[in-house]
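**Q** Provided herewith: query25.txt, compact mmCIF, C-alpha atoms and all ligand atoms.
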# COMPACT_ATOMS: atom_id res chain seq x y z
CA SER U 801 0.00 0.00 0.00
CA GLY U 802 0.93 3.68 -0.17
CA ILE U 803 1.61 3.85 3.55
CA GLU U 804 3.97 0.84 3.36
CA ARG U 805 5.87 2.39 0.46
CA LEU U 806 6.07 5.64 2.38
CA GLY U 807 7.47 3.71 5.34
CA ASP U 808 10.15 2.17 3.12
CA MET U 809 11.07 5.52 1.62
CA ILE U 810 11.32 7.11 5.07
CA ALA U 811 13.50 4.23 6.27
CA GLU U 812 15.77 4.51 3.23
CA ALA U 813 16.13 8.29 3.39
CA ARG U 814 18.97 10.07 5.11
CA THR U 815 17.58 13.61 5.00
CA ILE U 816 13.83 14.19 4.80
CA VAL U 817 12.37 17.64 4.24
CA PRO U 818 8.63 17.96 4.87
CA PHE U 819 6.73 20.80 3.20
CA THR U 820 3.33 21.49 4.72
CA GLY U 821 0.11 23.26 3.82
CA ALA U 822 -3.20 23.93 5.51
CA GLY U 823 -4.36 20.31 5.15
CA ILE U 824 -2.09 19.17 7.99
CA SER U 825 -3.96 21.44 10.42
CA THR U 826 -7.58 20.74 9.49
CA GLU U 827 -7.78 17.93 12.06
CA CYS U 828 -6.76 20.57 14.62
CA GLY U 829 -9.90 22.58 13.84
CA ILE U 830 -8.26 25.15 11.55
CA PRO U 831 -9.98 25.38 8.16
CA ASP U 832 -7.89 25.21 4.97
CA PHE U 833 -8.29 27.70 2.10
CA ARG U 834 -9.68 25.91 -0.94
CA SER U 835 -11.72 22.93 0.33
CA PRO U 836 -15.50 23.33 0.72
CA GLY U 837 -15.90 25.63 3.75
CA GLY U 838 -12.29 26.84 3.35
CA ILE U 839 -11.26 30.43 4.09
CA TRP U 840 -11.24 31.54 0.44
CA THR U 841 -14.72 30.07 -0.09
CA ARG U 842 -15.99 32.45 2.62
CA HIS U 843 -13.80 35.57 2.22
CA ARG U 844 -12.08 37.37 -0.60
CA PRO U 845 -8.36 37.67 0.18
CA ILE U 846 -7.29 41.22 1.11
CA PRO U 847 -4.20 41.94 -1.02
CA PHE U 848 -1.25 43.68 0.61
CA ASP U 849 -1.58 46.95 -1.34
CA GLU U 850 -5.20 47.23 -0.22
CA PHE U 851 -4.19 46.65 3.42
CA VAL U 852 -1.59 49.42 3.10
CA ALA U 853 -3.92 51.86 1.35
CA SER U 854 -7.15 51.48 3.27
CA GLN U 855 -8.04 51.79 6.95
CA GLU U 856 -11.28 49.97 6.15
CA ALA U 857 -9.33 47.00 4.73
CA ARG U 858 -7.10 46.95 7.83
CA ASP U 859 -10.13 46.99 10.11
CA GLU U 860 -11.73 44.15 8.14
CA SER U 861 -8.51 42.16 8.17
CA TRP U 862 -8.20 42.47 11.96
CA ARG U 863 -11.91 41.67 12.51
CA ARG U 864 -11.38 38.43 10.56
CA ARG U 865 -8.30 37.63 12.64
CA PHE U 866 -10.05 38.26 15.95
CA ALA U 867 -12.97 36.09 14.82
CA MET U 868 -10.49 33.21 14.39
CA GLU U 869 -8.72 33.71 17.70
CA GLU U 870 -10.55 30.99 19.63
CA VAL U 871 -9.79 28.49 16.89
CA PHE U 872 -6.07 29.33 16.79
CA ALA U 873 -5.76 29.53 20.58
CA ALA U 874 -7.39 26.12 21.07
CA ALA U 875 -5.51 24.29 18.28
CA ARG U 876 -3.06 21.57 19.31
CA PRO U 877 -0.67 19.65 17.03
CA GLY U 878 -2.32 16.84 15.07
CA ARG U 879 -1.00 13.42 14.07
CA GLY U 880 0.76 14.88 11.03
CA HIS U 881 2.61 17.46 13.12
CA ARG U 882 3.51 14.84 15.72
CA ALA U 883 4.82 12.36 13.15
CA LEU U 884 7.08 15.02 11.65
CA ALA U 885 8.28 16.02 15.13
CA SER U 886 9.15 12.36 15.81
CA LEU U 887 11.26 12.21 12.63
CA TYR U 888 12.87 15.51 13.62
CA ARG U 889 13.82 14.17 17.06
CA ALA U 890 15.16 11.01 15.38
CA GLY U 891 17.52 13.23 13.36
CA LYS U 892 15.96 12.40 9.98
CA VAL U 893 14.31 15.78 9.45
CA PRO U 894 16.58 18.84 9.76
CA ALA U 895 13.74 21.37 9.47
CA VAL U 896 10.20 21.75 8.15
CA ILE U 897 9.17 24.16 5.38
CA THR U 898 5.63 25.38 5.93
CA GLN U 899 3.10 27.66 4.28
CA ASN U 900 1.13 27.56 7.51
CA ILE U 901 0.88 30.47 9.91
CA ASP U 902 -0.56 28.60 12.90
CA ASN U 903 2.63 27.90 14.90
CA LEU U 904 1.70 24.20 15.27
CA HIS U 905 5.08 22.83 14.11
CA GLN U 906 6.74 24.76 16.93
CA ALA U 907 4.04 23.52 19.32
CA SER U 908 4.79 19.93 18.29
CA GLY U 909 8.46 20.20 19.28
CA PHE U 910 10.37 21.78 16.38
CA ALA U 911 12.80 24.45 17.55
CA PRO U 912 11.72 27.82 16.11
CA GLU U 913 14.89 28.02 13.99
CA HIS U 914 13.93 24.70 12.36
CA VAL U 915 10.56 25.93 11.08
CA VAL U 916 10.81 27.84 7.80
CA GLU U 917 7.64 29.92 7.68
CA LEU U 918 7.22 30.98 4.06
CA HIS U 919 3.97 32.84 4.77
CA GLY U 920 4.80 34.11 8.23
CA ASN U 921 3.02 33.59 11.54
CA THR U 922 -0.39 34.77 12.72
CA THR U 923 0.23 34.40 16.46
CA TYR U 924 1.81 37.86 16.68
CA ALA U 925 1.81 41.16 14.78
CA ARG U 926 4.39 43.38 13.11
CA CYS U 927 4.63 46.97 11.91
CA ILE U 928 4.82 46.92 8.10
CA GLY U 929 7.15 49.93 8.24
CA CYS U 930 9.85 49.27 10.82
CA GLY U 931 9.14 45.61 11.62
CA GLN U 932 8.49 46.19 15.34
CA ALA U 933 6.72 43.11 16.78
CA TYR U 934 3.53 43.44 18.82
CA PRO U 935 1.53 40.87 20.79
CA LEU U 936 -1.98 40.30 19.45
CA ASP U 937 -3.61 41.41 22.70
CA TRP U 938 -1.93 44.81 22.31
CA VAL U 939 -3.60 45.13 18.89
CA ARG U 940 -6.87 43.88 20.34
CA ARG U 941 -6.86 46.44 23.15
CA ARG U 942 -6.04 49.31 20.80
CA PHE U 943 -8.72 48.13 18.35
CA ASP U 944 -11.33 47.95 21.12
CA ASP U 945 -10.33 51.37 22.52
CA ASP U 946 -10.27 53.23 19.19
CA GLY U 947 -12.71 51.11 17.15
CA THR U 948 -10.06 50.89 14.46
CA ALA U 949 -6.84 49.00 13.64
CA PRO U 950 -3.78 50.61 15.27
CA ASN U 951 -0.57 51.97 13.78
CA CYS U 952 2.97 51.49 15.09
CA THR U 953 3.86 53.54 18.15
CA ALA U 954 7.40 54.00 16.79
CA CYS U 955 6.84 54.92 13.12
CA ASP U 956 3.05 55.27 12.72
CA LYS U 957 2.82 52.73 9.89
CA PRO U 958 0.05 50.06 9.99
CA VAL U 959 0.43 47.00 12.20
CA LYS U 960 -0.44 43.66 10.54
CA THR U 961 -0.38 40.02 11.58
CA ALA U 962 3.15 38.73 10.92
CA THR U 963 1.87 36.90 7.84
CA ILE U 964 2.48 37.31 4.11
CA SER U 965 -0.51 38.50 2.07
CA PHE U 966 -0.97 38.19 -1.68
CA GLY U 967 1.10 40.91 -3.31
CA GLN U 968 3.49 41.14 -0.36
CA MET U 969 7.19 40.38 -0.75
CA MET U 970 8.25 36.89 0.28
CA PRO U 971 10.67 36.83 3.22
CA ASP U 972 14.21 36.65 1.82
CA ASN U 973 15.77 34.60 4.57
CA GLU U 974 13.00 31.98 4.55
CA MET U 975 13.16 31.66 0.76
CA GLN U 976 16.90 31.05 0.96
CA ARG U 977 16.61 28.50 3.74
CA ALA U 978 13.80 26.67 1.94
CA THR U 979 15.91 26.59 -1.23
CA ALA U 980 18.91 25.15 0.59
CA LEU U 981 16.78 22.52 2.37
CA SER U 982 15.00 21.49 -0.84
CA GLN U 983 18.29 21.03 -2.67
CA ALA U 984 20.00 19.10 0.12
CA CYS U 985 17.43 16.39 0.94
CA ASP U 986 16.96 12.93 -0.53
CA LEU U 987 13.25 12.73 0.34
CA PHE U 988 10.83 15.65 0.08
CA ILE U 989 7.27 15.14 1.35
CA ALA U 990 4.57 17.67 0.40
CA ILE U 991 1.72 17.34 2.87
CA GLY U 992 -1.74 18.94 2.74
CA SER U 993 -1.20 21.57 0.09
CA SER U 994 -3.03 22.15 -3.17
CA LEU U 995 0.36 23.39 -4.50
CA VAL U 996 -1.18 26.28 -6.41
CA VAL U 997 0.37 29.26 -4.62
CA TRP U 998 3.76 30.39 -5.91
CA PRO U 999 6.62 30.76 -5.20
CA ALA U 1000 5.98 28.29 -2.34
CA ALA U 1001 4.71 25.64 -4.74
CA GLY U 1002 8.08 25.65 -6.51
CA PHE U 1003 9.92 23.81 -3.75
CA PRO U 1004 8.67 20.25 -4.43
CA MET U 1005 9.83 20.60 -8.04
CA MET U 1006 13.11 22.14 -6.94
CA ALA U 1007 13.79 19.16 -4.65
CA LYS U 1008 12.85 16.70 -7.38
CA ARG U 1009 15.18 18.40 -9.88
CA ALA U 1010 18.00 18.32 -7.33
CA GLY U 1011 17.62 14.54 -7.12
CA ALA U 1012 15.29 13.93 -4.18
CA ARG U 1013 12.40 11.49 -4.26
CA LEU U 1014 9.09 13.36 -4.04
CA VAL U 1015 6.05 12.17 -2.08
CA ILE U 1016 2.73 14.04 -2.10
CA ILE U 1017 0.16 13.35 0.62
CA ASN U 1018 -3.16 15.11 0.00
CA ARG U 1019 -6.83 14.13 0.01
CA GLU U 1020 -7.43 15.80 -3.36
CA PRO U 1021 -5.25 15.63 -6.46
CA THR U 1022 -2.70 18.47 -6.64
CA GLU U 1023 -1.11 20.44 -9.46
CA GLN U 1024 2.07 18.40 -9.19
CA ASP U 1025 0.95 14.79 -8.72
CA ASP U 1026 2.42 13.91 -12.13
CA ILE U 1027 6.02 14.64 -11.08
CA ALA U 1028 5.82 12.76 -7.75
CA ASP U 1029 7.39 9.35 -7.10
CA LEU U 1030 4.54 8.47 -4.74
CA VAL U 1031 1.12 10.10 -4.36
CA ILE U 1032 -1.14 9.24 -1.44
CA HIS U 1033 -4.69 10.59 -1.80
CA HIS U 1034 -5.72 9.93 1.75
CA ASP U 1035 -6.28 11.60 5.12
CA ILE U 1036 -3.05 13.00 6.56
CA GLY U 1037 -3.69 12.01 10.17
CA GLU U 1038 -4.38 8.41 9.13
CA THR U 1039 -1.41 8.32 6.77
CA LEU U 1040 1.14 9.79 9.19
CA GLY U 1041 -0.36 8.46 12.43
CA PRO U 1042 1.73 5.24 12.20
CA PHE U 1043 4.90 7.40 12.19
CA VAL U 1044 4.16 9.14 15.48
CA GLY U 1045 6.89 7.91 17.81
CA ASN U 1046 8.37 9.43 20.92
P1 LIG Y 1101 -5.28 24.74 0.29
O1 LIG Y 1101 -6.57 24.98 1.00
O2 LIG Y 1101 -5.11 25.34 -1.05
O3 LIG Y 1101 -5.00 23.18 0.14
C1 LIG Y 1101 -5.12 22.33 1.24
C2 LIG Y 1101 -5.21 20.91 0.71
O4 LIG Y 1101 -5.23 20.02 1.83
C3 LIG Y 1101 -6.48 20.65 -0.09
O5 LIG Y 1101 -6.11 20.14 -1.37
C4 LIG Y 1101 -7.25 19.59 0.72
O6 LIG Y 1101 -7.84 18.60 -0.09
C5 LIG Y 1101 -6.16 18.98 1.58
N1 LIG Y 1101 -6.61 18.51 2.91
C6 LIG Y 1101 -7.32 19.18 3.83
N2 LIG Y 1101 -7.48 18.44 4.95
C7 LIG Y 1101 -6.87 17.25 4.72
C8 LIG Y 1101 -6.68 16.04 5.48
N3 LIG Y 1101 -7.16 15.92 6.73
N4 LIG Y 1101 -6.01 15.02 4.90
C9 LIG Y 1101 -5.52 15.14 3.63
N5 LIG Y 1101 -5.66 16.24 2.88
C10 LIG Y 1101 -6.31 17.29 3.41
O7 LIG Y 1101 -4.12 25.21 1.31
P2 LIG Y 1101 -2.56 25.49 1.00
O8 LIG Y 1101 -2.09 24.70 -0.15
O9 LIG Y 1101 -1.84 25.43 2.26
O10 LIG Y 1101 -1.25 31.73 1.48
O11 LIG Y 1101 -2.66 27.02 0.55
C11 LIG Y 1101 -1.51 27.68 0.12
C12 LIG Y 1101 -1.60 29.14 0.44
O12 LIG Y 1101 -2.81 29.69 -0.09
C13 LIG Y 1101 -1.68 29.46 1.91
O13 LIG Y 1101 -0.44 29.42 2.56
C14 LIG Y 1101 -2.27 30.83 1.92
C15 LIG Y 1101 -3.36 30.62 0.89
O14 LIG Y 1101 -3.75 31.76 0.21
C16 LIG Y 1101 -1.43 33.07 1.51
O15 LIG Y 1101 -2.45 33.57 1.93
C17 LIG Y 1101 -0.29 33.87 0.98
ZN ZN Y 1102 6.90 50.82 12.92
Would you write out, as structure tokens, the structure that this file holds?
Ligand code: OAD
Ligand code: ZN

**A**
Amino acid sequence: SGIERLGDMIAEARTIVPFTGAGISTECGIPDFRSPGGIWTRHRPIPFDEFVASQEARDESWRRRFAMEEVFAAARPGRGHRALASLYRAGKVPAVITQNIDNLHQASGFAPEHVVELHGNTTYARCIGCGQAYPLDWVRRRFDDDGTAPNCTACDKPVKTATISFGQMMPDNEMQRATALSQACDLFIAIGSSLVVWPAAGFPMMAKRAGARLVIINREPTEQDDIADLVIHHDIGETLGPFVGN
């Protein structure tokens, strides 16, 4: 079966780089983007230039974030996160590349420096001007006091979740680390991503071109199934559950 082949490939590999998308966190109660009921089936994305230009867009963006707070605060690592953390502790996985912003790889035991967050992190905020970090409850208090999304106390530019929006520059350092990891592994496992958002979706192909075996685990077919060595169209928790160790 697919899971047995995956087990063989994991056993044979020396360096495994997992690449994760929203599908690994759905069993933790966090919706993905493109499945029925996903975020982009309910909301139109707010592009970065709109966030910068419009107070109304910033207010809407923060209202959406606050509406999700209970979900993010309650979420605990799932079987997928825990399986990857087991392989990390076993020394097989040097780091995880993720498009997710939910902090669950860190919560599962990855050291922060071993989580490459291509799309940032939604558990804190940053000034888009000077980069000053802010806790979310600071934003919440200011929003409640003023009825509007706050600006930076240092430079007066807007404060945004520390995530990457459409139209926003990708983080340089993370792109470089993800490139190095993709080119240095012998097994690359894409987990729970539709693989439609670029440049993130370029890493599976980059790994494959550099000589790694490529595995894709996703309930639905993805854009890149045809270049994979193994495709498992199955639930992530069930597929990776057997690899949860200590
Ligand atoms: P998507 O919502 O595009 O894809 C998630 C995939 O996971 C879907 O194909 C689902 O079928 C699959 N899936 C969900 N739950 C699953 C489960 N339990 N078992 C197996 N498969 C499951 O999410 P991403 O590919 O992560 O970026 O989205 C990529 C980027 O688009 C996000 O990082 C975000 C979004 O716009 C930005 O906003 C910049
Ligand atoms: Zn600032």

**Q** As an MDAnalysis selection string, please: every protein or nucleic acid residue near ligand LIG 1101 (chain Y) (cut-off 9 Å, counting all atoms listed in the file).

**A** chainID U and resid 820:827 831:835 838:840 845 898:901 918:920 963:968 991:998 1000:1001 1017:1022 1032:1039

**Q** List as a PyMOL selection string the protein and nucleic acid residues near U:Arg1013, meaning an atom at most 8 Å away when only C-alpha atoms are counted, but skip any in the same chain fewer than 2 places from it.

**A** chain U and resi 986-988+1007-1008+1011+1015+1028-1029

**Q** For U:Arg814, list every protein, DNA or RNA residue within 10 Å, evaluated using only C-alpha atoms, and leave out those in the same chain fewer than 5 positions away; present the list as a list in words.

**A**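 Everything that qualifies: Met809, Gly891, Lys892, Val893, Cys985, Asp986 and Leu987 of chain U.
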
**Q** Using only C-alpha atoms and all ligand atoms, find each residue in chain U having at least one atom no more than 12 Å away from ligand ZN 1102 (chain Y); report its shortest atom-to-atom pair and that distance in Å (one decimal), rows by chain then rising number, as a tab-separated table.

**A**
residue	atom	partner	partner_atom	distance
U:Ala925	CA	Y:ZN1102	ZN	11.1
U:Arg926	CA	Y:ZN1102	ZN	7.9
U:Cys927	CA	Y:ZN1102	ZN	4.6
U:Ile928	CA	Y:ZN1102	ZN	6.5
U:Gly929	CA	Y:ZN1102	ZN	4.8
U:Cys930	CA	Y:ZN1102	ZN	3.9
U:Gly931	CA	Y:ZN1102	ZN	5.8
U:Gln932	CA	Y:ZN1102	ZN	5.5
U:Ala933	CA	Y:ZN1102	ZN	8.6
U:Tyr934	CA	Y:ZN1102	ZN	10.0
U:Pro950	CA	Y:ZN1102	ZN	10.9
U:Asn951	CA	Y:ZN1102	ZN	7.6
U:Cys952	CA	Y:ZN1102	ZN	4.5
U:Thr953	CA	Y:ZN1102	ZN	6.6
U:Ala954	CA	Y:ZN1102	ZN	5.0
U:Cys955	CA	Y:ZN1102	ZN	4.1
U:Asp956	CA	Y:ZN1102	ZN	5.9
U:Lys957	CA	Y:ZN1102	ZN	5.4
U:Pro958	CA	Y:ZN1102	ZN	7.5
U:Val959	CA	Y:ZN1102	ZN	7.5
U:Lys960	CA	Y:ZN1102	ZN	10.5

**Q** Around stretch 873-878 of chain U, fit a box with edges along x, y and z, padding it by 5 Å on each side, then list its centre and edge lengths in Å to one decimal as AutoDock Vina command-line options.

**A**
--center_x -4.0 --center_y 23.2 --center_z 18.1 --size_x 16.7 --size_y 22.7 --size_z 16.0

**Q** Please list as JSON, numbers by chain every residue within 12 Å of U:Gln906, counting only C-alpha atoms and excluding residues in the same chain fewer than 2 positions away.

**A** {"U": [876, 877, 881, 882, 884, 885, 888, 895, 896, 897, 898, 900, 901, 902, 903, 904, 908, 909, 910, 911, 912, 913, 914, 915, 916, 917, 921, 923]}

**Q** Counting only C-alpha atoms, what is within 8 Å of U:Ala1010, bar same-chain residues fewer than 3 positions away, as a list of chain:residue names?

**A**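 Those residues are U:Ser982, U:Gln983, U:Ala984, U:Met1006, U:Ala1007.
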
**Q** For atom CA of U:Arg889 and atom CA of U:Gly1045, quote the distance in Å rounded to one decimal.

**A** 9.4 Å

**Q** Using only C-alpha atoms, find the one residue out of U:Ile1016, U:Leu887, U:Met970, U:Ala978 that sits nearest to U:Ile810.

**A** U:Leu887

**Q** Once N, CA and C atoms are restored for stretch 943-958 of chain U, what would the output be as a PDB file, in the coordinates of the input?

**A**
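Final file, out-v1.pdb:
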ATOM      1  N   PHE U 943      -7.560  48.199  19.250  1.00  0.00           N
ATOM      2  CA  PHE U 943      -8.720  48.130  18.350  1.00  0.00           C
ATOM      3  C   PHE U 943     -10.004  48.398  19.133  1.00  0.00           C
ATOM      4  N   ASP U 944     -10.119  47.771  20.300  1.00  0.00           N
ATOM      5  CA  ASP U 944     -11.330  47.950  21.120  1.00  0.00           C
ATOM      6  C   ASP U 944     -11.451  49.386  21.632  1.00  0.00           C
ATOM      7  N   ASP U 945     -10.302  49.991  22.003  1.00  0.00           N
ATOM      8  CA  ASP U 945     -10.330  51.370  22.520  1.00  0.00           C
ATOM      9  C   ASP U 945     -10.713  52.373  21.437  1.00  0.00           C
ATOM     10  N   ASP U 946     -10.109  52.223  20.237  1.00  0.00           N
ATOM     11  CA  ASP U 946     -10.270  53.230  19.190  1.00  0.00           C
ATOM     12  C   ASP U 946     -11.336  52.851  18.158  1.00  0.00           C
ATOM     13  N   GLY U 947     -11.755  51.588  18.153  1.00  0.00           N
ATOM     14  CA  GLY U 947     -12.710  51.110  17.150  1.00  0.00           C
ATOM     15  C   GLY U 947     -12.067  50.960  15.780  1.00  0.00           C
ATOM     16  N   THR U 948     -10.738  50.955  15.756  1.00  0.00           N
ATOM     17  CA  THR U 948     -10.060  50.890  14.460  1.00  0.00           C
ATOM     18  C   THR U 948      -8.673  50.266  14.640  1.00  0.00           C
ATOM     19  N   ALA U 949      -8.127  49.705  13.553  1.00  0.00           N
ATOM     20  CA  ALA U 949      -6.840  49.000  13.640  1.00  0.00           C
ATOM     21  C   ALA U 949      -5.703  49.999  13.916  1.00  0.00           C
ATOM     22  N   PRO U 950      -4.806  49.658  14.845  1.00  0.00           N
ATOM     23  CA  PRO U 950      -3.780  50.610  15.270  1.00  0.00           C
ATOM     24  C   PRO U 950      -2.579  50.693  14.319  1.00  0.00           C
ATOM     25  N   ASN U 951      -1.848  51.814  14.456  1.00  0.00           N
ATOM     26  CA  ASN U 951      -0.570  51.970  13.780  1.00  0.00           C
ATOM     27  C   ASN U 951       0.563  51.829  14.790  1.00  0.00           C
ATOM     28  N   CYS U 952       1.769  51.681  14.280  1.00  0.00           N
ATOM     29  CA  CYS U 952       2.970  51.490  15.090  1.00  0.00           C
ATOM     30  C   CYS U 952       3.234  52.702  15.990  1.00  0.00           C
ATOM     31  N   THR U 953       3.578  52.427  17.238  1.00  0.00           N
ATOM     32  CA  THR U 953       3.860  53.540  18.150  1.00  0.00           C
ATOM     33  C   THR U 953       5.201  54.189  17.809  1.00  0.00           C
ATOM     34  N   ALA U 954       6.082  53.451  17.130  1.00  0.00           N
ATOM     35  CA  ALA U 954       7.400  54.000  16.790  1.00  0.00           C
ATOM     36  C   ALA U 954       7.373  54.796  15.481  1.00  0.00           C
ATOM     37  N   CYS U 955       6.721  54.271  14.442  1.00  0.00           N
ATOM     38  CA  CYS U 955       6.840  54.920  13.120  1.00  0.00           C
ATOM     39  C   CYS U 955       5.497  55.253  12.487  1.00  0.00           C
ATOM     40  N   ASP U 956       4.405  54.926  13.168  1.00  0.00           N
ATOM     41  CA  ASP U 956       3.050  55.270  12.720  1.00  0.00           C
ATOM     42  C   ASP U 956       2.590  54.568  11.435  1.00  0.00           C
ATOM     43  N   LYS U 957       3.300  53.525  11.027  1.00  0.00           N
ATOM     44  CA  LYS U 957       2.820  52.730   9.890  1.00  0.00           C
ATOM     45  C   LYS U 957       1.867  51.645  10.415  1.00  0.00           C
ATOM     46  N   PRO U 958       1.024  51.063   9.530  1.00  0.00           N
ATOM     47  CA  PRO U 958       0.050  50.060   9.990  1.00  0.00           C
ATOM     48  C   PRO U 958       0.701  48.807  10.597  1.00  0.00           C
TER      49      PRO U 958
END
